[in-house]
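Peer 1: What follows is entry.csv, CSV, C-alpha atoms and all ligand atoms.
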chain,number,residue,atom,x,y,z
E,1,MET,CA,16.6,17.8,33.0
E,2,ASN,CA,18.3,19.0,29.9
E,3,PHE,CA,21.0,16.4,29.4
E,4,TRP,CA,22.4,18.2,26.3
E,5,THR,CA,23.8,21.0,28.4
E,6,ASN,CA,25.7,18.6,30.7
E,7,LEU,CA,27.8,17.1,27.9
E,8,LYS,CA,31.3,18.0,27.0
E,9,LYS,CA,31.7,19.6,23.6
E,10,PRO,CA,31.9,18.7,20.8
E,11,ILE,CA,29.0,16.3,21.5
E,12,LEU,CA,29.2,13.2,19.5
E,13,VAL,CA,25.8,11.8,18.5
E,14,GLN,CA,24.8,8.5,17.0
E,15,ALA,CA,22.6,9.1,14.0
E,16,PRO,CA,19.2,7.5,13.8
E,17,MET,CA,19.1,5.0,11.0
E,18,GLU,CA,16.0,3.0,10.2
E,19,ASP,CA,16.4,-0.8,10.1
E,20,ALA,CA,20.0,-0.5,11.4
E,21,THR,CA,20.4,1.3,14.7
E,22,ASP,CA,18.0,-0.6,16.9
E,23,THR,CA,18.7,-1.5,20.6
E,24,VAL,CA,21.0,-4.4,19.5
E,25,PHE,CA,23.1,-2.2,17.3
E,26,ARG,CA,23.3,0.4,20.1
E,27,GLN,CA,24.3,-2.2,22.7
E,28,MET,CA,27.2,-3.2,20.4
E,29,LEU,CA,28.3,0.4,20.2
E,30,VAL,CA,28.4,0.5,24.0
E,31,LYS,CA,31.0,-2.4,23.8
E,32,PHE,CA,33.1,-0.5,21.3
E,33,GLY,CA,32.8,3.0,22.7
E,34,SER,CA,29.6,4.9,23.3
E,35,PRO,CA,28.5,8.1,21.6
E,36,ASP,CA,27.6,10.9,23.9
E,37,VAL,CA,24.0,10.6,22.8
E,38,PHE,CA,22.0,7.7,21.4
E,39,PHE,CA,19.0,8.0,19.0
E,40,THR,CA,16.2,5.5,18.2
E,41,GLU,CA,15.2,4.9,14.7
E,42,PHE,CA,12.4,7.2,13.5
E,43,THR,CA,9.0,6.1,14.8
E,44,SER,CA,5.6,7.1,13.4
E,45,VAL,CA,3.3,8.7,16.0
E,46,ASP,CA,0.3,7.5,14.1
E,47,GLY,CA,1.7,3.9,14.0
E,48,LEU,CA,2.2,4.0,17.8
E,49,LEU,CA,-1.4,4.8,18.2
E,50,SER,CA,-2.6,2.2,15.7
E,51,LYS,CA,-3.5,-1.5,15.9
E,52,GLY,CA,0.0,-2.3,14.8
E,53,LYS,CA,1.6,-0.5,17.7
E,54,ASN,CA,3.4,-3.6,19.0
E,55,ILE,CA,5.5,-3.8,15.9
E,56,VAL,CA,6.0,-0.1,15.6
E,57,SER,CA,7.1,0.2,19.2
E,58,GLN,CA,10.0,-2.3,18.6
E,59,ARG,CA,11.8,0.9,17.4
E,60,LEU,CA,11.6,2.4,20.9
E,61,ARG,CA,13.1,-0.5,22.8
E,62,PHE,CA,16.2,0.3,24.7
E,63,THR,CA,18.2,-0.9,27.7
E,64,LYS,CA,19.7,0.9,30.6
E,65,LYS,CA,23.1,0.9,29.0
E,66,GLU,CA,21.9,3.2,26.2
E,67,HIS,CA,21.7,6.6,27.9
E,68,PRO,CA,21.2,9.4,27.3
E,69,ILE,CA,18.7,8.2,24.6
E,70,VAL,CA,16.5,10.3,22.5
E,71,GLY,CA,13.3,9.0,21.0
E,72,GLN,CA,12.8,10.2,17.4
E,73,ILE,CA,9.2,10.6,16.3
E,74,TRP,CA,7.5,11.7,13.1
E,75,GLY,CA,4.0,12.5,11.8
E,76,ASN,CA,1.7,15.4,11.0
E,77,ASN,CA,-0.9,15.4,13.8
E,78,PRO,CA,-0.1,17.5,16.8
E,79,GLN,CA,-2.6,15.6,19.1
E,80,ASN,CA,-0.9,12.3,18.2
E,81,PHE,CA,2.5,13.9,18.9
E,82,ALA,CA,1.2,15.0,22.3
E,83,ALA,CA,-0.1,11.5,23.1
E,84,VAL,CA,3.1,9.8,22.0
E,85,THR,CA,5.3,12.4,23.9
E,86,ASN,CA,3.5,11.3,27.1
E,87,MET,CA,4.3,7.7,26.3
E,88,LEU,CA,8.0,8.5,25.7
E,89,VAL,CA,8.2,10.4,29.0
E,90,SER,CA,6.8,7.4,30.9
E,91,MET,CA,9.1,5.0,29.1
E,92,GLY,CA,12.2,6.8,30.5
E,93,PHE,CA,13.6,8.6,27.4
E,94,ASP,CA,16.0,11.4,28.1
E,95,GLY,CA,14.9,13.5,25.2
E,96,ILE,CA,12.5,13.8,22.3
E,97,ASP,CA,13.4,14.5,18.7
E,98,ILE,CA,11.0,15.5,16.0
E,99,ASN,CA,11.9,14.4,12.5
E,100,MET,CA,11.6,17.3,10.1
E,101,GLY,CA,14.2,16.1,7.6
E,102,CYS,CA,13.1,12.8,6.2
E,103,PRO,CA,13.1,13.1,2.4
E,104,ASP,CA,11.1,10.0,1.6
E,105,ARG,CA,8.4,10.8,-0.9
E,106,ASP,CA,5.6,9.0,0.8
E,107,VAL,CA,6.5,10.6,4.1
E,108,MET,CA,6.7,14.1,2.6
E,109,LYS,CA,3.4,13.6,0.7
E,110,LYS,CA,1.6,13.3,4.0
E,111,GLU,CA,3.1,16.7,5.1
E,112,CYS,CA,5.6,14.9,7.4
E,113,GLY,CA,9.4,14.9,7.6
E,114,ALA,CA,11.2,17.5,5.5
E,115,ARG,CA,7.9,18.8,4.2
E,116,LEU,CA,7.5,20.6,7.5
E,117,ILE,CA,10.4,22.9,6.6
E,118,GLU,CA,7.9,24.6,4.3
E,119,ASN,CA,4.9,24.5,6.6
E,120,HIS,CA,5.9,26.7,9.6
E,121,THR,CA,2.3,26.7,11.0
E,122,LEU,CA,2.2,23.0,11.3
E,123,ALA,CA,5.8,22.7,12.5
E,124,ARG,CA,5.0,25.3,15.3
E,125,GLU,CA,1.9,23.4,16.3
E,126,ILE,CA,3.7,20.1,16.5
E,127,ILE,CA,6.6,21.6,18.5
E,128,SER,CA,4.2,23.3,20.9
E,129,ALA,CA,2.2,20.0,21.4
E,130,VAL,CA,5.4,18.1,22.2
E,131,LYS,CA,6.7,20.9,24.5
E,132,LYS,CA,3.4,20.8,26.5
E,133,GLU,CA,3.7,17.1,27.2
E,134,ALA,CA,7.5,16.7,27.4
E,135,LYS,CA,7.5,17.7,31.1
E,136,ASN,CA,11.2,18.8,31.6
E,137,LEU,CA,12.6,16.6,28.8
E,138,PRO,CA,14.6,18.5,26.2
E,139,ILE,CA,13.3,18.7,22.6
E,140,SER,CA,15.4,18.5,19.5
E,141,ILE,CA,14.6,18.8,15.8
E,142,LYS,CA,16.5,16.8,13.2
E,143,THR,CA,16.2,18.6,9.9
E,144,ARG,CA,17.7,19.5,6.6
E,145,LEU,CA,18.7,22.8,4.9
E,146,GLY,CA,15.5,23.0,2.8
E,147,VAL,CA,13.2,21.0,0.6
E,148,LYS,CA,14.2,21.9,-3.0
E,149,THR,CA,16.5,24.8,-2.3
E,150,VAL,CA,18.7,25.8,0.6
E,151,GLN,CA,16.6,27.8,3.1
E,152,THR,CA,18.9,28.0,6.0
E,153,LYS,CA,18.3,31.6,7.0
E,154,ASP,CA,14.5,31.4,7.0
E,155,TRP,CA,14.2,28.0,8.5
E,156,ILE,CA,16.8,28.3,11.3
E,157,ASN,CA,15.6,31.9,12.1
E,158,PHE,CA,12.1,30.4,12.5
E,159,LEU,CA,13.2,27.4,14.6
E,160,LEU,CA,15.1,29.7,16.9
E,161,THR,CA,11.9,31.5,17.9
E,162,LEU,CA,10.6,28.2,19.3
E,163,PRO,CA,11.4,26.3,22.6
E,164,ILE,CA,13.9,23.9,21.1
E,165,ASP,CA,17.0,22.7,23.0
E,166,ALA,CA,19.0,21.4,20.0
E,167,ILE,CA,18.7,21.5,16.2
E,168,ILE,CA,20.5,18.8,14.3
E,169,ILE,CA,21.2,19.9,10.8
E,170,HIS,CA,21.8,17.4,8.0
E,171,GLY,CA,23.6,19.7,5.6
E,172,ARG,CA,21.6,18.9,2.5
E,173,THR,CA,18.2,19.7,1.0
E,174,ALA,CA,15.5,16.9,0.9
E,175,LYS,CA,15.8,16.9,-2.9
E,176,GLU,CA,19.6,16.3,-2.7
E,177,LEU,CA,19.0,13.1,-0.7
E,178,SER,CA,22.6,12.0,0.0
E,179,LYS,CA,23.7,12.5,-3.6
E,180,VAL,CA,25.9,15.6,-3.1
E,181,PRO,CA,28.5,16.4,-0.5
E,182,ALA,CA,27.0,17.9,2.7
E,183,HIS,CA,27.0,21.7,2.7
E,184,TRP,CA,28.9,22.3,5.9
E,185,GLU,CA,29.3,26.0,5.2
E,186,GLU,CA,25.5,26.2,5.5
E,187,ILE,CA,25.6,24.5,8.9
E,188,GLY,CA,28.3,27.1,9.8
E,189,SER,CA,25.8,29.8,8.7
E,190,ALA,CA,23.2,28.3,11.0
E,191,VAL,CA,25.7,28.6,13.9
E,192,TYR,CA,26.3,32.3,12.9
E,193,ILE,CA,22.5,33.0,13.0
E,194,ARG,CA,22.2,31.3,16.4
E,195,ASN,CA,25.1,33.3,17.8
E,196,GLN,CA,23.8,36.6,16.4
E,197,LYS,CA,20.5,35.9,18.2
E,198,LYS,CA,22.3,34.9,21.4
E,199,SER,CA,20.1,31.8,21.5
E,200,GLN,CA,20.9,29.0,23.8
E,201,THR,CA,19.8,26.3,21.3
E,202,LEU,CA,22.6,23.9,20.5
E,203,ILE,CA,23.5,23.3,16.9
E,204,ILE,CA,24.6,19.8,15.9
E,205,GLY,CA,26.0,19.3,12.4
E,206,ASN,CA,25.5,16.1,10.3
E,207,GLY,CA,26.6,14.8,7.0
E,208,ASP,CA,29.6,12.9,5.7
E,209,VAL,CA,31.6,12.9,8.9
E,210,SER,CA,34.1,10.1,8.3
E,211,SER,CA,36.0,9.6,11.5
E,212,PHE,CA,36.5,10.8,15.2
E,213,ASP,CA,39.2,13.2,14.0
E,214,ASP,CA,37.0,14.5,11.2
E,215,ALA,CA,34.2,15.2,13.8
E,216,GLN,CA,36.6,17.2,15.9
E,217,LYS,CA,37.9,19.1,12.9
E,218,LYS,CA,34.4,19.9,11.6
E,219,ALA,CA,33.2,21.0,15.1
E,220,THR,CA,36.1,23.5,15.3
E,221,GLN,CA,35.9,24.7,11.7
E,222,TYR,CA,32.1,25.3,11.7
E,223,GLY,CA,31.6,26.2,15.4
E,224,VAL,CA,28.9,23.5,16.0
E,225,ASP,CA,28.3,22.2,19.5
E,226,GLY,CA,28.3,18.7,18.3
E,227,VAL,CA,28.4,16.3,15.4
E,228,MET,CA,26.1,13.5,14.5
E,229,ILE,CA,27.6,10.4,12.8
E,230,GLY,CA,25.7,8.0,10.6
E,231,ARG,CA,27.0,5.9,7.8
E,232,ALA,CA,30.6,6.0,9.0
E,233,MET,CA,29.5,3.7,11.9
E,234,PHE,CA,29.1,1.0,9.3
E,235,ASP,CA,32.7,1.3,8.2
E,236,ASN,CA,34.0,1.6,11.8
E,237,PRO,CA,31.8,0.9,14.8
E,238,TRP,CA,34.7,1.9,17.0
E,239,ILE,CA,34.3,5.5,15.6
E,240,PHE,CA,33.3,7.0,18.9
E,241,ASN,CA,36.4,5.6,20.6
E,242,ASN,CA,39.5,7.4,19.5
E,243,LYS,CA,41.8,5.0,21.4
E,244,ILE,CA,41.1,2.1,19.1
E,245,ASP,CA,42.3,1.6,15.6
E,246,PRO,CA,40.0,-1.0,14.0
E,247,ALA,CA,42.7,-1.9,11.5
E,248,LYS,CA,44.7,-3.4,14.4
E,249,ILE,CA,41.9,-5.6,15.5
E,250,PRO,CA,42.5,-9.2,14.3
E,251,LEU,CA,39.8,-10.7,12.0
E,252,GLU,CA,39.1,-13.4,14.6
E,253,GLU,CA,38.2,-10.9,17.2
E,254,LYS,CA,35.9,-9.0,14.8
E,255,LEU,CA,34.1,-12.2,13.9
E,256,ALA,CA,33.6,-12.9,17.6
E,257,TYR,CA,31.9,-9.5,17.8
E,258,LEU,CA,29.7,-10.3,14.8
E,259,LEU,CA,28.7,-13.6,16.6
E,260,THR,CA,27.9,-11.6,19.7
E,261,HIS,CA,25.8,-9.2,17.6
E,262,LEU,CA,23.9,-12.1,16.0
E,263,ARG,CA,23.3,-13.8,19.4
E,264,LEU,CA,22.1,-10.6,21.0
E,265,PHE,CA,19.7,-10.1,18.0
E,266,GLN,CA,18.4,-13.6,18.5
E,267,LYS,CA,18.0,-13.1,22.3
E,268,THR,CA,16.4,-9.6,21.9
E,269,TRP,CA,14.0,-10.2,19.0
E,270,GLY,CA,13.5,-14.0,18.7
E,271,LYS,CA,11.1,-14.4,15.9
E,272,GLU,CA,9.7,-10.8,16.3
E,273,LYS,CA,12.1,-9.3,13.7
E,274,TYR,CA,13.5,-10.7,10.5
E,275,PHE,CA,17.3,-11.0,10.6
E,276,GLY,CA,17.8,-9.9,6.9
E,277,SER,CA,18.4,-6.3,7.9
E,278,LEU,CA,21.5,-7.5,9.8
E,279,LYS,CA,23.2,-8.6,6.6
E,280,LYS,CA,24.0,-5.1,5.6
E,281,LEU,CA,25.9,-4.7,9.0
E,282,TYR,CA,28.3,-7.6,8.3
E,283,LYS,CA,30.7,-5.1,6.7
E,284,MET,CA,31.0,-3.4,10.1
E,285,TYR,CA,33.0,-6.4,11.2
E,286,ILE,CA,34.6,-7.6,7.9
E,287,ALA,CA,35.1,-4.5,5.7
E,288,ASN,CA,38.7,-3.7,4.8
E,289,THR,CA,40.0,-7.0,6.2
E,290,PRO,CA,42.2,-8.9,3.9
E,291,GLY,CA,40.8,-12.3,2.9
E,292,ALA,CA,37.4,-11.5,4.3
E,293,SER,CA,35.4,-10.8,1.2
E,294,GLU,CA,34.9,-14.5,0.5
E,295,LEU,CA,33.6,-15.0,4.0
E,296,ARG,CA,31.2,-12.1,3.7
E,297,SER,CA,29.7,-13.4,0.5
E,298,LYS,CA,29.3,-16.8,2.1
E,299,LEU,CA,27.6,-15.2,5.2
E,300,VAL,CA,25.1,-13.1,3.2
E,301,ARG,CA,24.0,-16.3,1.3
E,302,LEU,CA,23.0,-18.0,4.6
E,303,GLY,CA,19.2,-18.0,4.9
E,304,THR,CA,18.6,-18.0,8.7
E,305,ILE,CA,20.2,-16.5,11.8
E,306,GLU,CA,20.6,-20.0,13.2
E,307,GLU,CA,22.7,-21.1,10.2
E,308,THR,CA,24.8,-18.0,10.3
E,309,VAL,CA,25.5,-18.4,14.1
E,310,SER,CA,26.4,-22.0,13.7
E,311,TYR,CA,28.6,-21.2,10.6
E,312,LEU,CA,30.5,-18.6,12.7
E,313,GLU,CA,30.7,-20.9,15.7
E,314,LYS,CA,32.4,-23.5,13.5
E,315,CYS,CA,35.0,-20.9,12.5
E,316,PHE,CA,36.1,-20.9,16.1
E,317,LEU,CA,36.4,-24.6,16.6
Z,401,LIG,C1,19.8,3.5,6.1
Z,401,LIG,C2,19.5,4.9,6.6
Z,401,LIG,C3,18.5,5.0,7.5
Z,401,LIG,C4,18.2,6.3,8.0
Z,401,LIG,N1,17.2,6.4,8.9
Z,401,LIG,C5,16.9,7.7,9.5
Z,401,LIG,C6,16.0,7.8,10.5
Z,401,LIG,O1,15.3,6.9,10.9
Z,401,LIG,N2,15.8,9.1,11.0
Z,401,LIG,C7,16.5,10.2,10.6
Z,401,LIG,O2,16.4,11.3,11.1
Z,401,LIG,N3,17.5,10.0,9.7
Z,401,LIG,C8,17.7,8.8,9.1
Z,401,LIG,N4,18.7,8.7,8.2
Z,401,LIG,C9,19.6,9.8,7.9
Z,401,LIG,C10,20.8,9.8,8.9
Z,401,LIG,O3,20.5,9.9,10.2
Z,401,LIG,C11,21.9,10.9,8.6
Z,401,LIG,O4,21.2,12.1,8.7
Z,401,LIG,C12,22.4,10.8,7.1
Z,401,LIG,O5,22.8,9.4,6.9
Z,401,LIG,C13,23.6,11.7,7.0
Z,401,LIG,O6,24.6,11.4,7.9
Z,401,LIG,P1,26.0,10.5,7.5
Z,401,LIG,O7,26.6,11.2,6.3
Z,401,LIG,O8,26.8,10.6,8.8
Z,401,LIG,O9,25.5,9.2,7.2
Z,401,LIG,C14,19.0,7.4,7.6
Z,401,LIG,C15,20.0,7.2,6.8
Z,401,LIG,C16,20.3,6.0,6.2
Z,401,LIG,C17,21.5,5.9,5.3
So that I can check it, write out the structure of this file as structure tokens.
Ligand SMILES: Cc1cc2nc3c(=O)[nH]c(=O)nc-3n(C[C@H](O)[C@H](O)[C@H](O)COP(=O)(O)O)c2cc1C
Peer 2:
Amino acid sequence: MNFWTNLKKPILVQAPMEDATDTVFRQMLVKFGSPDVFFTEFTSVDGLLSKGKNIVSQRLRFTKKEHPIVGQIWGNNPQNFAAVTNMLVSMGFDGIDINMGCPDRDVMKKECGARLIENHTLAREIISAVKKEAKNLPISIKTRLGVKTVQTKDWINFLLTLPIDAIIIHGRTAKELSKVPAHWEEIGSAVYIRNQKKSQTLIIGNGDVSSFDDAQKKATQYGVDGVMIGRAMFDNPWIFNNKIDPAKIPLEEKLAYLLTHLRLFQKTWGKEKYFGSLKKLYKMYIANTPGASELRSKLVRLGTIEETVSYLEKCFL
């Protein structure tokens, strides 16, 4: 079943973010206001078929609260994509996303991620391998506008010849990383191309969306079917819920959420995963709160999750 077509537009999508948006993060989003679609962190198909698969597959863990959920995979070997697609289908994912946008040098060197924008033959083989195994699950591609230069017309025209249900466009080239403002007018051009071709493929825009209202505004202005939100979730995890103003939530309540987040991390991962990656998420709960910067610098200096939990518990005594 293609869940994308059942969602009300504009569709609000949680961006995949490595080392941040794991199942624990996503379960916290559920408490604050769920996006319309969840994404896993990007997961290597080769890694999932290697000896280290147990660690790699942590990225694919999810609970029944996180639906619809799309598993994002990356690699360069169509057979491995096919094998992993099979795995994702049996794990209960609602959709499969192929990463064709990662600008990391090591990833691109291996002909993966954004490099596929310039290798249409391999991109086609990968998509067709995934399509064959995906049963009736929808397939999406998360991509950029080009590698060194903007190639919207060529790339989107090419993708629209393939059996893809949604294209998520981060409005920058790989070379631009996140260093320039996203070129939303290019995302608008992709929508124009799609409309001219009368294609049913959805276009989701991504890049620099700062709030719920900004998402609505960009969807209207550029005609996209939906908007994906990444870094703004770190400033405001209530971003998918337009009924809550985080500025009105008292610090105590936010700290209680941070404590819940830490405890859920402990319960979910135990010793499986180092808690250091959580430190960058403290600002979700403490940013822009008067008097909280001292507390944050204290928290980031604590060396273990147990110490951090007990420090916060004392705050509530
Ligand atoms: C820390 C971090 C990790 C990311 N990890 C992924 C990833 O695993 N897969 C992916 O497709 N994009 C990844 N991205 C890119 C985001 O999904 C998104 O495209 C980008 O941040 C632009 O959106 P934003 O301006 O709303 O943040 C990552 C970005 C950041 C900052």
Peer 1: Please identify all protein, DNA and RNA residues within 7 Å of ligand LIG 401 (chain Z), counting only C-alpha atoms and all ligand atoms, and report them as a list of chain:residue names.
Peer 2: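 The neighbouring residues of ligand LIG 401 (chain Z) are, in order, E:Ala15, E:Pro16, E:Met17, E:Glu18, E:Asp19, E:Ala20, E:Glu41, E:Phe42, E:Asn99, E:Gly101, E:Cys102, E:Lys142, E:His170, E:Asn206, E:Gly207, E:Asp208, E:Val209, E:Met228, E:Ile229, E:Gly230, E:Arg231, E:Ala232.
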Peer 1: What does the structure give for the distance between CA of Phe275 (chain E) and CA of Lys179 (chain E), in Å to one decimal?
Peer 2: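 CA of Phe275 (chain E) sits 28.2 Å away from CA of Lys179 (chain E).
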Peer 1: Got a sec: who's within 9 Å of Pro78 (chain E), counting all atoms listed in the file, leaving out chain neighbours fewer than 4 positions off, as number ranges by chain?
Peer 2: E: 82-83, 122-123, 125-130
Peer 1: Would you output that residue set with C-alpha atoms, as a PDB file, keeping the file's coordinate frame?
Peer 2:
ATOM      1  CA  ALA E  82       1.200  15.000  22.300  1.00  0.00           C
ATOM      2  CA  ALA E  83      -0.100  11.500  23.100  1.00  0.00           C
ATOM      3  CA  LEU E 122       2.200  23.000  11.300  1.00  0.00           C
ATOM      4  CA  ALA E 123       5.800  22.700  12.500  1.00  0.00           C
ATOM      5  CA  GLU E 125       1.900  23.400  16.300  1.00  0.00           C
ATOM      6  CA  ILE E 126       3.700  20.100  16.500  1.00  0.00           C
ATOM      7  CA  ILE E 127       6.600  21.600  18.500  1.00  0.00           C
ATOM      8  CA  SER E 128       4.200  23.300  20.900  1.00  0.00           C
ATOM      9  CA  ALA E 129       2.200  20.000  21.400  1.00  0.00           C
ATOM     10  CA  VAL E 130       5.400  18.100  22.200  1.00  0.00           C
TER      11      VAL E 130
END
Peer 1: Name the closest residue to Leu278 (chain E) among the candidates E:Ile168, E:Ala292, E:Leu302, E:Val84; distances are taken between atoms, counting all atoms listed in the file.
Peer 2: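 The answer is E:Leu302, which sits nearest to Leu278 (chain E).
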Peer 1: Could you work out how far CA of Ser277 (chain E) lies from CA of Ser140 (chain E), giving the answer in Å with one decimal?
Peer 2: 27.5 Å
Peer 1: Neighbouring residues of Asp245 (chain E) were defined as those with any atom within 10 Å, considering all atoms listed in the file; residues of the same chain fewer than 5 positions away were excluded. Please report them as a PyMOL selection string.
Peer 2: chain E and resi 236+238-239
Peer 1: Could you check which of E:Ser178, E:Gly226, E:Gly75, E:Ile164 is closest to Lys109 (chain E), using only C-alpha atoms?
Peer 2: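 Looking only at the distances to Lys109 (chain E), the closest residue turns out to be E:Gly75.
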Peer 1: If I only have part of region 160-181 of chain E, can you fill in N, CA and C atoms and write it as a compact mmCIF listing (two decimals), keeping the file's coordinate frame?
Peer 2:
# COMPACT_ATOMS: atom_id res chain seq x y z
N LEU E 160 14.53 29.05 15.69
CA LEU E 160 15.10 29.70 16.90
C LEU E 160 14.11 30.53 17.66
N THR E 161 12.91 30.74 17.09
CA THR E 161 11.90 31.50 17.90
C THR E 161 11.10 30.48 18.75
N LEU E 162 11.37 29.20 18.62
CA LEU E 162 10.60 28.20 19.30
C LEU E 162 11.38 27.53 20.47
N PRO E 163 10.68 26.88 21.41
CA PRO E 163 11.40 26.30 22.60
C PRO E 163 12.08 24.99 22.26
N ILE E 164 13.20 25.09 21.56
CA ILE E 164 13.90 23.90 21.10
C ILE E 164 15.30 23.90 21.78
N ASP E 165 15.72 22.76 22.30
CA ASP E 165 17.00 22.70 23.00
C ASP E 165 18.17 22.42 22.04
N ALA E 166 17.91 21.66 20.98
CA ALA E 166 19.00 21.40 20.00
C ALA E 166 18.40 21.22 18.62
N ILE E 167 19.14 21.71 17.64
CA ILE E 167 18.70 21.50 16.20
C ILE E 167 19.86 20.70 15.59
N ILE E 168 19.47 19.59 15.00
CA ILE E 168 20.50 18.80 14.30
C ILE E 168 20.27 18.99 12.82
N ILE E 169 21.30 19.50 12.19
CA ILE E 169 21.20 19.90 10.80
C ILE E 169 21.95 18.93 9.88
N HIS E 170 21.21 18.17 9.08
CA HIS E 170 21.80 17.40 8.00
C HIS E 170 22.03 18.37 6.85
N GLY E 171 23.27 18.59 6.48
CA GLY E 171 23.60 19.70 5.60
C GLY E 171 23.27 19.45 4.09
N ARG E 172 22.07 19.03 3.84
CA ARG E 172 21.60 18.90 2.50
C ARG E 172 20.13 19.26 2.39
N THR E 173 19.63 19.54 1.17
CA THR E 173 18.20 19.70 1.00
C THR E 173 17.56 18.31 0.88
N ALA E 174 16.23 18.25 1.02
CA ALA E 174 15.50 16.90 0.90
C ALA E 174 15.77 16.44 -0.57
N LYS E 175 15.70 17.35 -1.52
CA LYS E 175 15.80 16.90 -2.90
C LYS E 175 17.22 16.31 -3.19
N GLU E 176 18.20 16.77 -2.48
CA GLU E 176 19.60 16.30 -2.70
C GLU E 176 19.77 14.86 -2.13
N LEU E 177 18.82 14.39 -1.33
CA LEU E 177 19.00 13.10 -0.70
C LEU E 177 20.37 13.01 -0.05
N SER E 178 21.18 12.00 -0.49
CA SER E 178 22.60 12.00 0.00
C SER E 178 23.50 12.01 -1.21
N LYS E 179 23.01 12.62 -2.31
CA LYS E 179 23.70 12.50 -3.60
C LYS E 179 24.84 13.53 -3.79
N VAL E 180 24.87 14.56 -2.98
CA VAL E 180 25.90 15.60 -3.10
C VAL E 180 26.65 15.69 -1.78
N PRO E 181 27.87 16.22 -1.78
CA PRO E 181 28.50 16.40 -0.50
C PRO E 181 27.72 17.34 0.42
